[in-house]
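**Q** Mind having a look at this structure? Questions to follow.
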Amino acid sequence: MKNRFKNNLYTLEDIKYINGHHRYVQNDDGTLFSGAYRTKIKPEDLPEWYMYGRYYKRRGYMSTKGITDLVYIPSLYSNHFLKDDCLLIAYGVKINEKENASTEFSLDKYAGWDERVWGFDIVTILIGARKYSGYAIEPFIEKLKWKKEYMQTQFPDEFGGDQWEMDVDLLFVEALSCPE
């Protein structure tokens, strides 16, 4: 049986330049886009390992099956938890850090990644990677706990004391209870 789903990402919308403005467009029949191309696939056709989120400024579904490597890049310059953080995703290979990379946060610092996600979609992809790829996400949970503490220390007006409370472990309870 031939696999109908060849791409890692399918979106509900595309961004087109219309009358001098960028506009979100959708297919009238509810089919998805693969890049800028229309498909015959509808959201209900996708297997369960395609996780809904906002990817590349478009609502859509990213595959969490076949993930072979992940790299979390926290932003240390923003007072938004996860908003400006990035998760690099590889299907089939390991992500490597390039030698002589010029900047600390630059995506050009890494080779071998296929997709990237930002913000809370990081949690969504981590949960899917655990469930559908058997990927060990515990080190990432520890990194998100560190990020929470960093936010509380570096931005106490927004995240200190009684301003903000979040249990990182609760975000992943279901994912950790799934067998590998």
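Identifiers in the structure tokens: chain A, B, ... in order shown; residue index from 1 per chain; ligand index from 1 in order shown.
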Write out as a PDB file with N, CA and C atoms, in the first residue's frame each polymer residue whose atoms come within 10 Å of Thr39 in chain A, counting only C-alpha atoms; drop sequence neighbours fewer than 5 positions from it.

**A**
ATOM      1  N   TYR A  10       0.808  19.855   6.403  1.00  0.00           N
ATOM      2  CA  TYR A  10      -0.328  20.231   5.550  1.00  0.00           C
ATOM      3  C   TYR A  10      -1.041  21.380   6.251  1.00  0.00           C
ATOM      4  N   THR A  11      -1.406  22.404   5.488  1.00  0.00           N
ATOM      5  CA  THR A  11      -2.023  23.580   6.104  1.00  0.00           C
ATOM      6  C   THR A  11      -3.448  23.801   5.601  1.00  0.00           C
ATOM      7  N   ASN A  27      -9.100  26.658   0.568  1.00  0.00           N
ATOM      8  CA  ASN A  27      -9.780  25.987  -0.536  1.00  0.00           C
ATOM      9  C   ASN A  27     -11.264  25.870  -0.193  1.00  0.00           C
ATOM     10  N   GLY A  30     -12.487  22.616   1.387  1.00  0.00           N
ATOM     11  CA  GLY A  30     -11.922  22.181   2.654  1.00  0.00           C
ATOM     12  C   GLY A  30     -10.656  21.359   2.548  1.00  0.00           C
ATOM     13  N   THR A  31     -10.109  21.238   1.340  1.00  0.00           N
ATOM     14  CA  THR A  31      -8.871  20.480   1.183  1.00  0.00           C
ATOM     15  C   THR A  31      -7.695  21.307   1.694  1.00  0.00           C
ATOM     16  N   LEU A  32      -6.616  20.608   1.976  1.00  0.00           N
ATOM     17  CA  LEU A  32      -5.437  21.214   2.572  1.00  0.00           C
ATOM     18  C   LEU A  32      -4.418  21.625   1.516  1.00  0.00           C
ATOM     19  N   PHE A  33      -3.474  22.432   1.943  1.00  0.00           N
ATOM     20  CA  PHE A  33      -2.335  22.821   1.113  1.00  0.00           C
ATOM     21  C   PHE A  33      -1.111  22.030   1.555  1.00  0.00           C
ATOM     22  N   SER A  34      -0.245  21.748   0.606  1.00  0.00           N
ATOM     23  CA  SER A  34       1.095  21.249   0.872  1.00  0.00           C
ATOM     24  C   SER A  34       2.024  22.285   0.268  1.00  0.00           C
TER      25      SER A  34
END

**Q** Write out as a ChimeraX atom specification which residues come within 7 Å of range 56-66 of chain A when counting only C-alpha atoms, dropping same-chain ones fewer than 4 positions away.

**A** /A:8-14,49-52,91-92,125,128-129,132-133

**Q** Using the selection just defined, write its residues with N, CA and C atoms as a CSV table (one decimal), in the first residue's frame.

**A**
chain,number,residue,atom,x,y,z
A,8,ASN,N,5.4,16.4,5.7
A,8,ASN,CA,5.4,16.5,7.1
A,8,ASN,C,4.4,17.6,7.5
A,9,LEU,N,4.0,18.4,6.6
A,9,LEU,CA,3.1,19.5,7.0
A,9,LEU,C,2.0,19.8,5.9
A,10,TYR,N,0.8,19.9,6.4
A,10,TYR,CA,-0.3,20.2,5.6
A,10,TYR,C,-1.0,21.4,6.3
A,11,THR,N,-1.4,22.4,5.5
A,11,THR,CA,-2.0,23.6,6.1
A,11,THR,C,-3.4,23.8,5.6
A,12,LEU,N,-4.2,24.4,6.4
A,12,LEU,CA,-5.6,24.8,6.1
A,12,LEU,C,-5.7,26.0,5.2
A,13,GLU,N,-4.6,26.8,5.2
A,13,GLU,CA,-4.6,28.0,4.5
A,13,GLU,C,-3.2,28.3,3.9
A,14,ASP,N,-3.2,29.1,2.9
A,14,ASP,CA,-2.0,29.6,2.3
A,14,ASP,C,-2.0,31.1,2.4
A,49,TRP,N,-1.3,11.1,14.0
A,49,TRP,CA,0.0,11.7,14.3
A,49,TRP,C,0.2,13.0,13.7
A,50,TYR,N,-0.7,13.5,12.9
A,50,TYR,CA,-0.6,14.9,12.4
A,50,TYR,C,-1.2,15.8,13.5
A,51,MET,N,-0.4,16.6,14.1
A,51,MET,CA,-0.9,17.5,15.2
A,51,MET,C,-1.2,18.9,14.7
A,52,TYR,N,-2.4,19.3,15.2
A,52,TYR,CA,-2.9,20.6,14.8
A,52,TYR,C,-2.1,21.7,15.5
A,91,TYR,N,13.4,14.5,10.5
A,91,TYR,CA,12.8,13.2,10.2
A,91,TYR,C,13.9,12.4,9.4
A,92,GLY,N,14.5,11.4,10.0
A,92,GLY,CA,15.4,10.5,9.3
A,92,GLY,C,16.9,10.8,9.7
A,125,ILE,N,4.2,19.4,19.7
A,125,ILE,CA,5.1,18.5,18.9
A,125,ILE,C,5.8,17.5,19.8
A,128,GLY,N,3.4,14.7,20.7
A,128,GLY,CA,3.3,13.9,19.5
A,128,GLY,C,4.5,13.0,19.3
A,129,ALA,N,5.7,13.6,19.4
A,129,ALA,CA,7.0,12.9,19.2
A,129,ALA,C,7.1,11.7,20.2
A,132,TYR,N,4.0,9.1,19.1
A,132,TYR,CA,4.1,8.5,17.7
A,132,TYR,C,5.4,8.2,17.2
A,133,SER,N,6.5,8.7,17.8
A,133,SER,CA,7.9,8.4,17.4
A,133,SER,C,8.7,7.7,18.5

**Q** Nearest residue to Val93 in chain A out of A:Leu70, A:Leu107, A:Leu76, A:Leu171, using only C-alpha atoms?

**A**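 Closest candidate: A:Leu70.
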
**Q** Could you list, as a list in words, every residue within 12 Å of Trp164 in chain A, counting only C-alpha atoms and ignoring same-chain residues fewer than 4 positions away?

**A**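 Close residues of Trp164 in chain A: His80, Phe81, Lys148, Glu149, Met151, Gln152, Phe155, Pro156, Asp157, Glu158, Phe159 and Gly160 of chain A.
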
**Q** Given the selection you just returned, output its residues as a file containing N, CA, C and O atoms, formatted as an mmCIF file, in the first residue's frame.

**A**
data_model
loop_
_atom_site.group_PDB
_atom_site.id
_atom_site.type_symbol
_atom_site.label_atom_id
_atom_site.label_comp_id
_atom_site.auth_asym_id
_atom_site.auth_seq_id
_atom_site.Cartn_x
_atom_site.Cartn_y
_atom_site.Cartn_z
ATOM 1 N N HIS A 80 8.374 36.493 27.207
ATOM 2 C CA HIS A 80 7.214 35.662 26.856
ATOM 3 C C HIS A 80 7.639 34.206 26.954
ATOM 4 O O HIS A 80 8.574 33.794 26.271
ATOM 5 N N PHE A 81 6.943 33.434 27.772
ATOM 6 C CA PHE A 81 7.287 32.023 27.927
ATOM 7 C C PHE A 81 6.946 31.267 26.649
ATOM 8 O O PHE A 81 5.798 31.251 26.215
ATOM 9 N N LYS A 148 11.126 28.111 32.742
ATOM 10 C CA LYS A 148 10.164 28.703 33.672
ATOM 11 C C LYS A 148 10.905 29.418 34.801
ATOM 12 O O LYS A 148 10.595 30.569 35.123
ATOM 13 N N GLU A 149 11.887 28.759 35.397
ATOM 14 C CA GLU A 149 12.670 29.372 36.471
ATOM 15 C C GLU A 149 13.426 30.595 35.969
ATOM 16 O O GLU A 149 13.526 31.608 36.671
ATOM 17 N N MET A 151 12.519 32.591 33.563
ATOM 18 C CA MET A 151 11.540 33.673 33.392
ATOM 19 C C MET A 151 11.205 34.315 34.738
ATOM 20 O O MET A 151 11.095 35.534 34.841
ATOM 21 N N GLN A 152 11.051 33.490 35.772
ATOM 22 C CA GLN A 152 10.711 34.015 37.091
ATOM 23 C C GLN A 152 11.859 34.841 37.673
ATOM 24 O O GLN A 152 11.617 35.838 38.339
ATOM 25 N N PHE A 155 12.555 38.040 34.765
ATOM 26 C CA PHE A 155 11.412 38.924 34.528
ATOM 27 C C PHE A 155 10.436 38.820 35.700
ATOM 28 O O PHE A 155 9.293 38.388 35.534
ATOM 29 N N PRO A 156 10.873 39.211 36.901
ATOM 30 C CA PRO A 156 10.041 39.022 38.099
ATOM 31 C C PRO A 156 8.739 39.828 38.081
ATOM 32 O O PRO A 156 7.762 39.408 38.697
ATOM 33 N N ASP A 157 8.709 40.961 37.387
ATOM 34 C CA ASP A 157 7.472 41.758 37.347
ATOM 35 C C ASP A 157 6.348 41.006 36.642
ATOM 36 O O ASP A 157 5.184 41.140 36.999
ATOM 37 N N GLU A 158 6.694 40.222 35.620
ATOM 38 C CA GLU A 158 5.692 39.475 34.875
ATOM 39 C C GLU A 158 5.517 38.047 35.383
ATOM 40 O O GLU A 158 4.433 37.488 35.323
ATOM 41 N N PHE A 159 6.611 37.419 35.863
ATOM 42 C CA PHE A 159 6.588 35.996 36.168
ATOM 43 C C PHE A 159 6.927 35.658 37.620
ATOM 44 O O PHE A 159 6.922 34.503 37.989
ATOM 45 N N GLY A 160 7.244 36.639 38.433
ATOM 46 C CA GLY A 160 7.640 36.361 39.814
ATOM 47 C C GLY A 160 6.462 36.267 40.757
ATOM 48 O O GLY A 160 5.352 36.690 40.462
#

**Q** From the DSSP assignment of the backbone, select every residue of range 122-169 of chain A that is alpha helix (DSSP H), and format the answer as a compact mmCIF listing (two decimals) with C-alpha atoms, in the first residue's frame.

**A**
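Final file, part-v5.txt:
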# COMPACT_ATOMS: atom_id res chain seq x y z
CA ILE A 122 6.63 23.16 20.96
CA VAL A 123 4.62 21.32 23.64
CA THR A 124 2.24 19.89 21.03
CA ILE A 125 5.08 18.50 18.92
CA LEU A 126 6.92 17.11 21.95
CA ILE A 127 3.77 15.25 23.04
CA GLY A 128 3.30 13.85 19.53
CA ALA A 129 6.98 12.91 19.22
CA ARG A 130 6.71 10.88 22.42
CA LYS A 131 3.46 9.19 21.43
CA TYR A 132 4.05 8.50 17.73
CA SER A 133 7.86 8.37 17.40
CA GLU A 138 12.04 14.03 29.46
CA PRO A 139 15.18 16.14 28.76
CA PHE A 140 12.97 18.71 27.01
CA ILE A 141 10.59 18.83 29.96
CA GLU A 142 13.59 19.60 32.19
CA LYS A 143 14.63 22.37 29.78
CA LEU A 144 11.13 23.88 29.92
CA LYS A 145 11.26 23.76 33.73
CA TRP A 146 14.57 25.59 33.55
CA LYS A 147 13.00 28.14 31.20
CA LYS A 148 10.16 28.70 33.67
CA GLU A 149 12.67 29.37 36.47
CA TYR A 150 14.67 31.63 34.17
CA MET A 151 11.54 33.67 33.39
CA GLN A 152 10.71 34.02 37.09
CA THR A 153 14.27 35.18 37.86
CA GLN A 154 14.91 37.44 34.87
CA PRO A 156 10.04 39.02 38.10
CA ASP A 157 7.47 41.76 37.35
CA GLU A 158 5.69 39.48 34.87
CA PHE A 159 6.59 36.00 36.17
CA VAL A 168 5.31 22.22 33.37
CA ASP A 169 4.79 18.57 34.34

**Q** Could you find all residues in chain A that DSSP calls strand (DSSP E or B) from the backbone, and write them as a VMD selection string?

**A** chain A and resid 9 to 11 14 to 18 21 to 25 33 to 34 37 to 38 50 to 55 58 to 63 67 to 73 86 to 91 96 to 97 110 to 111 115 to 118

**Q** Suppose we keep N, CA and C atoms; can you now write the selection as a compact mmCIF listing (two decimals), in the first residue's frame?

**A**
# COMPACT_ATOMS: atom_id res chain seq x y z
N LEU A 9 3.99 18.43 6.63
CA LEU A 9 3.11 19.54 7.00
C LEU A 9 2.04 19.76 5.94
N TYR A 10 0.81 19.85 6.40
CA TYR A 10 -0.33 20.23 5.55
C TYR A 10 -1.04 21.38 6.25
N THR A 11 -1.41 22.40 5.49
CA THR A 11 -2.02 23.58 6.10
C THR A 11 -3.45 23.80 5.60
N ASP A 14 -3.21 29.14 2.89
CA ASP A 14 -1.97 29.61 2.32
C ASP A 14 -2.01 31.13 2.35
N ILE A 15 -0.88 31.75 2.20
CA ILE A 15 -0.81 33.21 2.18
C ILE A 15 -0.53 33.62 0.74
N LYS A 16 -1.44 34.40 0.18
CA LYS A 16 -1.31 34.88 -1.20
C LYS A 16 -1.26 36.40 -1.20
N TYR A 17 -0.60 36.96 -2.18
CA TYR A 17 -0.53 38.40 -2.36
C TYR A 17 -1.66 38.80 -3.30
N ILE A 18 -2.68 39.45 -2.75
CA ILE A 18 -3.88 39.80 -3.51
C ILE A 18 -4.16 41.30 -3.36
N HIS A 21 -1.99 43.23 -0.96
CA HIS A 21 -1.96 42.82 0.44
C HIS A 21 -1.79 41.31 0.56
N HIS A 22 -1.15 40.89 1.62
CA HIS A 22 -1.07 39.46 1.91
C HIS A 22 -2.38 39.02 2.55
N ARG A 23 -2.94 37.95 2.04
CA ARG A 23 -4.24 37.44 2.53
C ARG A 23 -4.14 35.93 2.75
N TYR A 24 -4.84 35.48 3.78
CA TYR A 24 -5.00 34.04 3.97
C TYR A 24 -6.10 33.56 3.02
N VAL A 25 -5.82 32.48 2.33
CA VAL A 25 -6.83 31.89 1.45
C VAL A 25 -6.99 30.42 1.82
N PHE A 33 -3.47 22.43 1.94
CA PHE A 33 -2.34 22.82 1.11
C PHE A 33 -1.11 22.03 1.55
N SER A 34 -0.24 21.75 0.61
CA SER A 34 1.10 21.25 0.87
C SER A 34 2.02 22.29 0.27
N TYR A 37 0.75 24.39 -2.78
CA TYR A 37 -0.03 23.54 -3.68
C TYR A 37 -1.25 22.95 -2.99
N ARG A 38 -2.34 22.97 -3.71
CA ARG A 38 -3.59 22.38 -3.26
C ARG A 38 -3.47 20.85 -3.30
N TYR A 50 -0.68 13.52 12.90
CA TYR A 50 -0.58 14.90 12.41
C TYR A 50 -1.22 15.79 13.47
N MET A 51 -0.41 16.63 14.09
CA MET A 51 -0.86 17.46 15.21
C MET A 51 -1.22 18.86 14.72
N TYR A 52 -2.39 19.31 15.19
CA TYR A 52 -2.87 20.63 14.80
C TYR A 52 -2.08 21.72 15.52
N GLY A 53 -1.80 22.80 14.80
CA GLY A 53 -1.12 23.95 15.39
C GLY A 53 -1.00 25.07 14.39
N ARG A 54 -0.19 26.04 14.74
CA ARG A 54 0.10 27.16 13.85
C ARG A 54 1.56 27.06 13.47
N TYR A 55 1.79 26.75 12.20
CA TYR A 55 3.13 26.51 11.71
C TYR A 55 3.41 27.43 10.53
N ARG A 58 0.64 29.74 9.50
CA ARG A 58 -0.57 29.14 8.93
C ARG A 58 -1.09 28.07 9.89
N ARG A 59 -2.40 27.94 9.98
CA ARG A 59 -2.99 26.85 10.76
C ARG A 59 -2.86 25.58 9.94
N GLY A 60 -2.50 24.48 10.62
CA GLY A 60 -2.34 23.25 9.88
C GLY A 60 -1.97 22.08 10.77
N TYR A 61 -1.41 21.05 10.14
CA TYR A 61 -1.14 19.78 10.80
C TYR A 61 0.28 19.34 10.46
N MET A 62 1.07 19.05 11.51
CA MET A 62 2.44 18.58 11.32
C MET A 62 2.56 17.15 11.82
N SER A 63 3.28 16.35 11.05
CA SER A 63 3.49 14.96 11.42
C SER A 63 4.44 14.85 12.60
N ILE A 67 9.90 11.17 13.70
CA ILE A 67 10.84 12.17 14.21
C ILE A 67 12.07 11.44 14.74
N THR A 68 13.24 11.85 14.27
CA THR A 68 14.49 11.21 14.69
C THR A 68 15.35 12.11 15.58
N ASP A 69 15.09 13.41 15.55
CA ASP A 69 15.87 14.30 16.42
C ASP A 69 15.12 15.61 16.62
N LEU A 70 15.36 16.20 17.79
CA LEU A 70 14.77 17.48 18.16
C LEU A 70 15.83 18.33 18.84
N VAL A 71 15.79 19.63 18.60
CA VAL A 71 16.67 20.57 19.30
C VAL A 71 15.81 21.74 19.75
N TYR A 72 15.87 22.02 21.05
CA TYR A 72 15.13 23.15 21.63
C TYR A 72 16.07 24.33 21.76
N ILE A 73 15.64 25.49 21.25
CA ILE A 73 16.42 26.71 21.33
C ILE A 73 15.61 27.75 22.10
N CYS A 86 12.21 28.12 20.01
CA CYS A 86 12.10 27.35 18.76
C CYS A 86 12.45 25.88 19.03
N LEU A 87 11.75 25.01 18.33
CA LEU A 87 12.05 23.58 18.36
C LEU A 87 12.34 23.14 16.93
N LEU A 88 13.53 22.64 16.70
CA LEU A 88 13.91 22.12 15.39
C LEU A 88 13.56 20.64 15.35
N ILE A 89 13.07 20.18 14.20
CA ILE A 89 12.59 18.81 14.06
C ILE A 89 13.27 18.17 12.85
N ALA A 90 13.75 16.95 13.05
CA ALA A 90 14.36 16.19 11.95
C ALA A 90 13.63 14.88 11.78
N TYR A 91 13.43 14.50 10.53
CA TYR A 91 12.84 13.21 10.16
C TYR A 91 13.92 12.43 9.41
N ASN A 96 22.72 18.52 13.59
CA ASN A 96 24.09 18.81 14.00
C ASN A 96 24.31 20.30 14.13
N GLU A 97 25.16 20.66 15.07
CA GLU A 97 25.55 22.05 15.21
C GLU A 97 26.73 22.29 14.27
N TYR A 110 22.49 25.34 12.84
CA TYR A 110 22.18 23.91 12.84
C TYR A 110 21.95 23.38 11.43
N ALA A 111 22.33 22.13 11.24
CA ALA A 111 22.11 21.45 9.95
C ALA A 111 21.35 20.16 10.22
N GLU A 115 11.91 20.78 9.86
CA GLU A 115 10.83 21.70 10.22
C GLU A 115 11.21 22.43 11.50
N ARG A 116 10.50 23.52 11.78
CA ARG A 116 10.69 24.23 13.04
C ARG A 116 9.34 24.71 13.53
N VAL A 117 9.20 24.77 14.84
CA VAL A 117 7.97 25.29 15.44
C VAL A 117 8.35 26.27 16.54
N TRP A 118 7.41 27.15 16.84
CA TRP A 118 7.63 28.20 17.82
C TRP A 118 6.49 28.18 18.83

**Q** At what distance in Å, to one decimal, does CA of Phe120 in chain A lie from CA of Glu44 in chain A?

**A**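 CA of Phe120 in chain A lies at a distance of 23.0 Å from CA of Glu44 in chain A.
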